[in-house]
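Note: the block below is work.txt and it holds compact mmCIF, N, CA and C atoms.
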```
# COMPACT_ATOMS: atom_id res chain seq x y z
N MET A 1 0.72 -1.87 15.05
CA MET A 1 -0.48 -1.81 15.84
C MET A 1 -1.69 -1.73 14.92
N LYS A 2 -2.81 -2.11 15.44
CA LYS A 2 -4.04 -2.06 14.66
C LYS A 2 -4.46 -0.61 14.45
N PRO A 3 -4.97 -0.30 13.26
CA PRO A 3 -5.41 1.08 13.01
C PRO A 3 -6.67 1.42 13.80
N SER A 4 -6.76 2.66 14.23
CA SER A 4 -7.96 3.10 14.95
C SER A 4 -9.12 3.24 13.97
N GLU A 5 -10.29 3.33 14.51
CA GLU A 5 -11.49 3.52 13.68
C GLU A 5 -11.39 4.85 12.92
N GLU A 6 -10.80 5.86 13.56
CA GLU A 6 -10.61 7.17 12.92
C GLU A 6 -9.72 7.05 11.67
N VAL A 7 -8.64 6.29 11.79
CA VAL A 7 -7.73 6.09 10.66
C VAL A 7 -8.44 5.31 9.55
N ARG A 8 -9.16 4.27 9.91
CA ARG A 8 -9.91 3.50 8.90
C ARG A 8 -10.90 4.39 8.15
N LYS A 9 -11.63 5.21 8.90
CA LYS A 9 -12.62 6.10 8.27
C LYS A 9 -11.95 7.11 7.35
N MET A 10 -10.81 7.65 7.77
CA MET A 10 -10.09 8.63 6.96
C MET A 10 -9.75 8.03 5.59
N PHE A 11 -9.26 6.79 5.58
CA PHE A 11 -8.81 6.19 4.33
C PHE A 11 -9.93 5.52 3.54
N GLU A 12 -11.15 5.48 4.08
CA GLU A 12 -12.30 5.05 3.28
C GLU A 12 -12.50 6.01 2.11
N GLN A 13 -11.99 7.24 2.25
CA GLN A 13 -12.11 8.24 1.19
C GLN A 13 -11.17 7.94 0.02
N ASP A 14 -10.23 7.03 0.21
CA ASP A 14 -9.35 6.59 -0.88
C ASP A 14 -10.13 5.53 -1.66
N ARG A 15 -11.12 6.02 -2.40
CA ARG A 15 -12.15 5.18 -2.98
C ARG A 15 -11.65 4.16 -3.99
N PHE A 16 -10.69 4.50 -4.84
CA PHE A 16 -10.25 3.54 -5.84
C PHE A 16 -9.69 2.29 -5.17
N ALA A 17 -8.83 2.49 -4.18
CA ALA A 17 -8.24 1.35 -3.48
C ALA A 17 -9.27 0.59 -2.66
N THR A 18 -10.06 1.31 -1.86
CA THR A 18 -11.01 0.62 -0.99
C THR A 18 -12.15 -0.02 -1.77
N ASP A 19 -12.60 0.61 -2.85
CA ASP A 19 -13.65 0.00 -3.67
C ASP A 19 -13.15 -1.25 -4.38
N ASN A 20 -11.82 -1.37 -4.52
CA ASN A 20 -11.23 -2.57 -5.11
C ASN A 20 -10.81 -3.59 -4.06
N GLY A 21 -11.18 -3.35 -2.81
CA GLY A 21 -10.99 -4.34 -1.76
C GLY A 21 -9.84 -4.11 -0.81
N ALA A 22 -9.06 -3.04 -0.97
CA ALA A 22 -7.91 -2.79 -0.08
C ALA A 22 -8.39 -2.36 1.30
N TYR A 23 -7.72 -2.88 2.32
CA TYR A 23 -8.02 -2.49 3.69
C TYR A 23 -6.72 -2.43 4.49
N ILE A 24 -6.77 -1.70 5.59
CA ILE A 24 -5.60 -1.49 6.45
C ILE A 24 -5.55 -2.56 7.52
N GLU A 25 -4.41 -3.22 7.65
CA GLU A 25 -4.22 -4.20 8.72
C GLU A 25 -3.44 -3.62 9.90
N GLU A 26 -2.35 -2.89 9.59
CA GLU A 26 -1.50 -2.34 10.64
C GLU A 26 -0.95 -0.98 10.23
N VAL A 27 -0.71 -0.15 11.24
CA VAL A 27 -0.01 1.14 11.03
C VAL A 27 0.96 1.35 12.17
N ASP A 28 2.02 2.05 11.88
CA ASP A 28 3.00 2.44 12.89
C ASP A 28 3.75 3.63 12.32
N ASP A 29 4.74 4.10 13.03
CA ASP A 29 5.49 5.27 12.59
C ASP A 29 6.13 5.00 11.22
N HIS A 30 5.68 5.70 10.18
CA HIS A 30 6.19 5.55 8.82
C HIS A 30 6.10 4.11 8.31
N TYR A 31 5.02 3.44 8.64
CA TYR A 31 4.83 2.04 8.27
C TYR A 31 3.33 1.77 8.08
N ALA A 32 3.01 0.92 7.12
CA ALA A 32 1.64 0.44 6.96
C ALA A 32 1.65 -0.93 6.32
N LYS A 33 0.69 -1.73 6.72
CA LYS A 33 0.48 -3.04 6.12
C LYS A 33 -0.98 -3.07 5.67
N CYS A 34 -1.17 -3.23 4.36
CA CYS A 34 -2.51 -3.23 3.78
C CYS A 34 -2.69 -4.51 2.95
N SER A 35 -3.93 -4.96 2.86
CA SER A 35 -4.20 -6.22 2.17
C SER A 35 -5.45 -6.12 1.32
N LEU A 36 -5.62 -7.14 0.48
CA LEU A 36 -6.87 -7.35 -0.24
C LEU A 36 -7.02 -8.82 -0.58
N MET A 37 -8.25 -9.27 -0.57
CA MET A 37 -8.56 -10.64 -0.97
C MET A 37 -8.65 -10.67 -2.49
N ILE A 38 -7.97 -11.63 -3.10
CA ILE A 38 -7.97 -11.74 -4.56
C ILE A 38 -9.32 -12.30 -5.02
N GLU A 39 -9.96 -11.56 -5.91
CA GLU A 39 -11.25 -11.98 -6.47
C GLU A 39 -11.11 -12.08 -7.99
N ASP A 40 -12.10 -12.67 -8.64
CA ASP A 40 -12.07 -12.80 -10.10
C ASP A 40 -11.91 -11.45 -10.79
N ARG A 41 -12.49 -10.40 -10.22
CA ARG A 41 -12.41 -9.07 -10.83
C ARG A 41 -10.99 -8.51 -10.85
N HIS A 42 -10.09 -9.10 -10.07
CA HIS A 42 -8.70 -8.65 -10.02
C HIS A 42 -7.82 -9.34 -11.05
N LYS A 43 -8.39 -10.29 -11.78
CA LYS A 43 -7.58 -11.12 -12.69
C LYS A 43 -7.67 -10.65 -14.14
N ASN A 44 -6.58 -10.90 -14.87
CA ASN A 44 -6.53 -10.56 -16.29
C ASN A 44 -7.02 -11.75 -17.13
N ALA A 45 -6.92 -11.63 -18.44
CA ALA A 45 -7.41 -12.67 -19.35
C ALA A 45 -6.66 -14.00 -19.20
N MET A 46 -5.45 -13.95 -18.65
CA MET A 46 -4.67 -15.17 -18.46
C MET A 46 -4.94 -15.81 -17.09
N GLY A 47 -5.78 -15.19 -16.29
CA GLY A 47 -6.13 -15.73 -14.98
C GLY A 47 -5.20 -15.30 -13.86
N ALA A 48 -4.23 -14.44 -14.18
CA ALA A 48 -3.30 -13.93 -13.16
C ALA A 48 -3.82 -12.58 -12.64
N VAL A 49 -3.33 -12.20 -11.47
CA VAL A 49 -3.70 -10.89 -10.91
C VAL A 49 -3.14 -9.80 -11.82
N MET A 50 -3.99 -8.86 -12.19
CA MET A 50 -3.63 -7.74 -13.04
C MET A 50 -2.56 -6.88 -12.36
N GLY A 51 -1.61 -6.39 -13.11
CA GLY A 51 -0.52 -5.59 -12.56
C GLY A 51 -1.00 -4.37 -11.79
N GLY A 52 -2.08 -3.77 -12.24
CA GLY A 52 -2.61 -2.59 -11.57
C GLY A 52 -3.10 -2.87 -10.16
N VAL A 53 -3.46 -4.12 -9.88
CA VAL A 53 -3.91 -4.48 -8.54
C VAL A 53 -2.73 -4.42 -7.57
N TYR A 54 -1.59 -4.99 -7.99
CA TYR A 54 -0.39 -4.93 -7.16
C TYR A 54 -0.01 -3.46 -6.88
N PHE A 55 -0.03 -2.66 -7.95
CA PHE A 55 0.38 -1.26 -7.79
C PHE A 55 -0.61 -0.49 -6.93
N THR A 56 -1.92 -0.72 -7.13
CA THR A 56 -2.92 -0.03 -6.33
C THR A 56 -2.74 -0.34 -4.85
N LEU A 57 -2.52 -1.61 -4.53
CA LEU A 57 -2.34 -1.99 -3.13
C LEU A 57 -1.07 -1.37 -2.56
N ALA A 58 0.02 -1.39 -3.32
CA ALA A 58 1.28 -0.79 -2.86
C ALA A 58 1.12 0.72 -2.67
N ASP A 59 0.46 1.38 -3.60
CA ASP A 59 0.25 2.83 -3.52
C ASP A 59 -0.63 3.19 -2.32
N PHE A 60 -1.62 2.35 -2.04
CA PHE A 60 -2.48 2.55 -0.87
C PHE A 60 -1.66 2.41 0.41
N ALA A 61 -0.80 1.40 0.49
CA ALA A 61 0.05 1.22 1.67
C ALA A 61 0.96 2.43 1.86
N LEU A 62 1.51 2.95 0.77
CA LEU A 62 2.33 4.16 0.84
C LEU A 62 1.51 5.33 1.38
N ALA A 63 0.31 5.52 0.85
CA ALA A 63 -0.55 6.62 1.30
C ALA A 63 -0.85 6.52 2.79
N VAL A 64 -1.15 5.32 3.24
CA VAL A 64 -1.45 5.14 4.67
C VAL A 64 -0.21 5.40 5.51
N ALA A 65 0.93 4.82 5.12
CA ALA A 65 2.16 4.98 5.90
C ALA A 65 2.57 6.45 6.02
N THR A 66 2.38 7.22 4.96
CA THR A 66 2.83 8.62 4.97
C THR A 66 1.81 9.59 5.54
N ASN A 67 0.53 9.21 5.56
CA ASN A 67 -0.52 10.17 5.91
C ASN A 67 -1.35 9.85 7.15
N TRP A 68 -1.21 8.67 7.72
CA TRP A 68 -2.15 8.31 8.80
C TRP A 68 -2.00 9.18 10.04
N GLN A 69 -0.80 9.74 10.26
CA GLN A 69 -0.62 10.61 11.41
C GLN A 69 -0.91 12.08 11.08
N GLU A 70 -0.60 12.45 9.82
CA GLU A 70 -0.81 13.84 9.37
C GLU A 70 -0.94 13.84 7.85
N MET A 71 -2.08 14.29 7.36
CA MET A 71 -2.30 14.36 5.92
C MET A 71 -1.39 15.41 5.29
N GLY A 72 -1.03 15.20 4.03
CA GLY A 72 -0.25 16.19 3.32
C GLY A 72 0.88 15.62 2.50
N HIS A 73 0.94 14.30 2.36
CA HIS A 73 2.00 13.65 1.57
C HIS A 73 1.39 13.05 0.30
N VAL A 74 2.09 13.23 -0.80
CA VAL A 74 1.66 12.65 -2.08
C VAL A 74 2.81 11.86 -2.68
N SER A 75 2.47 10.95 -3.56
CA SER A 75 3.48 10.17 -4.25
C SER A 75 4.14 11.03 -5.31
N LEU A 76 5.45 11.06 -5.31
CA LEU A 76 6.22 11.83 -6.27
C LEU A 76 6.73 10.94 -7.39
N ASP A 77 7.12 9.72 -7.02
CA ASP A 77 7.71 8.79 -7.97
C ASP A 77 7.55 7.38 -7.44
N SER A 78 7.26 6.43 -8.34
CA SER A 78 7.16 5.02 -7.94
C SER A 78 7.75 4.15 -9.03
N GLN A 79 8.35 3.05 -8.60
CA GLN A 79 8.91 2.06 -9.51
C GLN A 79 8.46 0.69 -9.02
N ILE A 80 7.82 -0.08 -9.90
CA ILE A 80 7.36 -1.41 -9.52
C ILE A 80 8.06 -2.47 -10.37
N THR A 81 8.42 -3.56 -9.73
CA THR A 81 8.96 -4.71 -10.43
C THR A 81 8.10 -5.91 -10.06
N TYR A 82 7.53 -6.54 -11.07
CA TYR A 82 6.70 -7.73 -10.86
C TYR A 82 7.62 -8.94 -10.82
N LEU A 83 7.56 -9.70 -9.74
CA LEU A 83 8.51 -10.78 -9.52
C LEU A 83 7.94 -12.17 -9.72
N SER A 84 6.70 -12.37 -9.32
CA SER A 84 6.08 -13.68 -9.52
C SER A 84 4.57 -13.55 -9.45
N ARG A 85 3.92 -14.53 -9.98
CA ARG A 85 2.45 -14.59 -9.98
C ARG A 85 1.96 -14.94 -8.58
N ALA A 86 0.93 -14.25 -8.12
CA ALA A 86 0.33 -14.57 -6.83
C ALA A 86 -0.32 -15.95 -6.92
N LYS A 87 -0.03 -16.79 -5.95
CA LYS A 87 -0.56 -18.14 -5.95
C LYS A 87 -1.60 -18.36 -4.85
N GLY A 88 -1.69 -17.43 -3.93
CA GLY A 88 -2.63 -17.55 -2.82
C GLY A 88 -3.95 -16.87 -3.11
N THR A 89 -4.65 -16.51 -2.05
CA THR A 89 -5.97 -15.89 -2.16
C THR A 89 -5.99 -14.46 -1.62
N LYS A 90 -4.83 -13.99 -1.14
CA LYS A 90 -4.75 -12.67 -0.53
C LYS A 90 -3.41 -12.04 -0.88
N LEU A 91 -3.43 -10.73 -1.08
CA LEU A 91 -2.20 -9.96 -1.27
C LEU A 91 -2.03 -9.02 -0.09
N THR A 92 -0.77 -8.85 0.34
CA THR A 92 -0.45 -7.93 1.41
C THR A 92 0.72 -7.06 0.99
N ALA A 93 0.59 -5.76 1.21
CA ALA A 93 1.66 -4.81 0.91
C ALA A 93 2.14 -4.18 2.21
N GLU A 94 3.45 -4.23 2.43
CA GLU A 94 4.05 -3.61 3.60
C GLU A 94 4.93 -2.46 3.16
N ALA A 95 4.59 -1.26 3.59
CA ALA A 95 5.35 -0.06 3.27
C ALA A 95 6.25 0.29 4.45
N VAL A 96 7.55 0.38 4.19
CA VAL A 96 8.53 0.68 5.22
C VAL A 96 9.35 1.89 4.77
N CYS A 97 9.46 2.88 5.64
CA CYS A 97 10.25 4.07 5.33
C CYS A 97 11.74 3.76 5.44
N ILE A 98 12.45 4.04 4.37
CA ILE A 98 13.90 3.85 4.34
C ILE A 98 14.60 5.14 4.72
N LYS A 99 14.06 6.27 4.25
CA LYS A 99 14.64 7.59 4.54
C LYS A 99 13.52 8.59 4.67
N ASN A 100 13.45 9.26 5.80
CA ASN A 100 12.42 10.28 6.02
C ASN A 100 13.10 11.64 6.10
N GLY A 101 12.95 12.43 5.05
CA GLY A 101 13.56 13.75 5.00
C GLY A 101 12.59 14.86 5.34
N ARG A 102 13.05 16.08 5.21
CA ARG A 102 12.22 17.25 5.55
C ARG A 102 11.02 17.38 4.61
N THR A 103 11.25 17.19 3.30
CA THR A 103 10.14 17.32 2.34
C THR A 103 9.88 16.05 1.55
N THR A 104 10.86 15.17 1.46
CA THR A 104 10.66 13.91 0.72
C THR A 104 11.01 12.72 1.61
N SER A 105 10.35 11.61 1.32
CA SER A 105 10.62 10.36 2.02
C SER A 105 10.71 9.25 1.00
N TYR A 106 11.53 8.26 1.31
CA TYR A 106 11.74 7.13 0.40
C TYR A 106 11.27 5.85 1.08
N TYR A 107 10.43 5.09 0.37
CA TYR A 107 9.82 3.88 0.92
C TYR A 107 10.09 2.67 0.04
N ARG A 108 10.12 1.52 0.69
CA ARG A 108 10.10 0.25 -0.02
C ARG A 108 8.80 -0.44 0.36
N ILE A 109 8.10 -0.94 -0.64
CA ILE A 109 6.85 -1.64 -0.41
C ILE A 109 6.96 -3.03 -1.02
N ASP A 110 6.88 -4.06 -0.19
CA ASP A 110 6.88 -5.44 -0.67
C ASP A 110 5.45 -5.94 -0.73
N VAL A 111 5.09 -6.55 -1.85
CA VAL A 111 3.77 -7.13 -2.01
C VAL A 111 3.94 -8.64 -2.05
N LYS A 112 3.26 -9.33 -1.14
CA LYS A 112 3.36 -10.79 -1.04
C LYS A 112 1.97 -11.41 -1.07
N ASP A 113 1.93 -12.67 -1.51
CA ASP A 113 0.67 -13.40 -1.39
C ASP A 113 0.63 -14.07 -0.02
N ASP A 114 -0.50 -14.67 0.32
CA ASP A 114 -0.65 -15.26 1.64
C ASP A 114 0.14 -16.55 1.82
N LEU A 115 0.82 -17.00 0.77
CA LEU A 115 1.71 -18.15 0.88
C LEU A 115 3.15 -17.71 1.14
N GLY A 116 3.36 -16.38 1.21
CA GLY A 116 4.68 -15.83 1.50
C GLY A 116 5.52 -15.51 0.29
N ASN A 117 4.97 -15.69 -0.92
CA ASN A 117 5.70 -15.39 -2.15
C ASN A 117 5.78 -13.89 -2.38
N LEU A 118 6.99 -13.37 -2.61
CA LEU A 118 7.16 -11.96 -2.97
C LEU A 118 6.74 -11.81 -4.42
N THR A 119 5.64 -11.09 -4.64
CA THR A 119 5.07 -10.98 -5.98
C THR A 119 5.45 -9.68 -6.68
N ALA A 120 5.72 -8.63 -5.91
CA ALA A 120 6.11 -7.35 -6.50
C ALA A 120 6.92 -6.56 -5.48
N ALA A 121 7.89 -5.81 -5.98
CA ALA A 121 8.70 -4.92 -5.14
C ALA A 121 8.54 -3.50 -5.69
N VAL A 122 8.25 -2.58 -4.80
CA VAL A 122 8.00 -1.20 -5.19
C VAL A 122 8.91 -0.29 -4.38
N THR A 123 9.49 0.70 -5.03
CA THR A 123 10.15 1.78 -4.33
C THR A 123 9.39 3.05 -4.69
N ALA A 124 9.26 3.93 -3.73
CA ALA A 124 8.47 5.14 -3.96
C ALA A 124 9.03 6.31 -3.16
N THR A 125 8.91 7.47 -3.74
CA THR A 125 9.27 8.72 -3.07
C THR A 125 8.00 9.49 -2.83
N SER A 126 7.81 9.95 -1.60
CA SER A 126 6.66 10.80 -1.29
C SER A 126 7.15 12.22 -1.04
N PHE A 127 6.25 13.16 -1.28
CA PHE A 127 6.56 14.58 -1.13
C PHE A 127 5.57 15.19 -0.15
N ARG A 128 6.07 15.96 0.79
CA ARG A 128 5.23 16.64 1.78
C ARG A 128 4.76 17.96 1.19
N VAL A 129 3.46 18.07 0.91
CA VAL A 129 2.90 19.29 0.32
C VAL A 129 2.31 20.22 1.37
N ALA A 130 2.11 19.72 2.58
CA ALA A 130 1.54 20.54 3.65
C ALA A 130 2.22 20.20 4.97
N LYS A 131 2.18 21.15 5.88
CA LYS A 131 2.75 20.91 7.23
C LYS A 131 1.69 21.00 8.27
```
Please, can you express the file's structure as structure tokens?
Amino acid sequence: MKPSEEVRKMFEQDRFATDNGAYIEEVDDHYAKCSLMIEDRHKNAMGAVMGGVYFTLADFALAVATNWQEMGHVSLDSQITYLSRAKGTKLTAEAVCIKNGRTTSYYRIDVKDDLGNLTAAVTATSFRVAK
């Protein structure tokens, strides 16, 4: 479902991601889809999207998926694998909860370009610091 204005405003405070162009497309129970338009500022000296852009977008999707209903989750561990160069003009990260436990949750985040190419795969564990 589309995020409410309240959810969008809450995550505007995630300044590093939003100042770099990340925005929320969809949210649902333990799920988020976030995107950004690829700009020249996102590219490295070889003209490819910088690895930190993929990770920032994936980390933002994780933050939204774990916190949009109730704040208090932080990233405990993340692993990223870069699979291919983005060939389109937009990146999208989809965070899906694989296991939701009492204090920790495990997510898979796929980052794709707008041509459907899987560009990075991320697994992450979040930790609930507040109830």
Write out as number ranges by chain the set of residues from chain A that DSSP, computed on the backbone, places in strand (DSSP E or B). A: 23-28, 31-37, 43, 49, 73-82, 90-100, 104-113, 118-128
To one decimal place, how far is atom C of Lys2 (chain A) from atom N of Val27 (chain A) in Å? 5.0 Å
Set the distance at 7 Å and use only C-alpha atoms: which residues neighbour region 118-130 of chain A once local chain neighbours fewer than 5 positions away are removed? I'd like the list as a PyMOL selection string. chain A and resi 54+72-86+103-113
In the coordinates of the file, take the point (-0.1, 6.5, 1.8) and a cut-off of 9 Å; then, counting only C-alpha atoms, name each qualifying protein, DNA or RNA residue as a list in words. Ala32, Ala58, Asp59, Phe60, Ala61, Leu62, Ala63, Val64, Ala65, Thr66, Asn67, Trp68, His73, Val74, Ser75, Ala95 and Ser126 of chain A
I'd like the neighbourhood of Arg8 (chain A) as a count of residues only, where a residue qualifies if any of its atoms comes within 12 Å (using only C-alpha atoms), though same-chain residues fewer than 2 positions away should be ignored. 22
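Note that the spacing between atom N of Thr56 (chain A) and atom C of Arg102 (chain A) amounts to 25.2 Å.
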From the set A:Gly101, A:Val96, A:Met1, A:Gly21, which residue has the shortest atom-to-atom contact distance to Met37 (chain A), counting all atoms listed in the file?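 Nearest to Met37 (chain A): A:Gly21.
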Atom N of Ile38 (chain A) to atom C of Gly88 (chain A) measures 6.6 Å
Please report, as JSON, the centre and edge lengths in Å to one decimal of an axis-aligned box covering all listed atoms of region 91-100 of chain A with 6 Å per side.
```
{"center_x": 5.6, "center_y": 0.5, "center_z": 2.4, "size_x": 30.1, "size_y": 34.4, "size_z": 19.4}
```
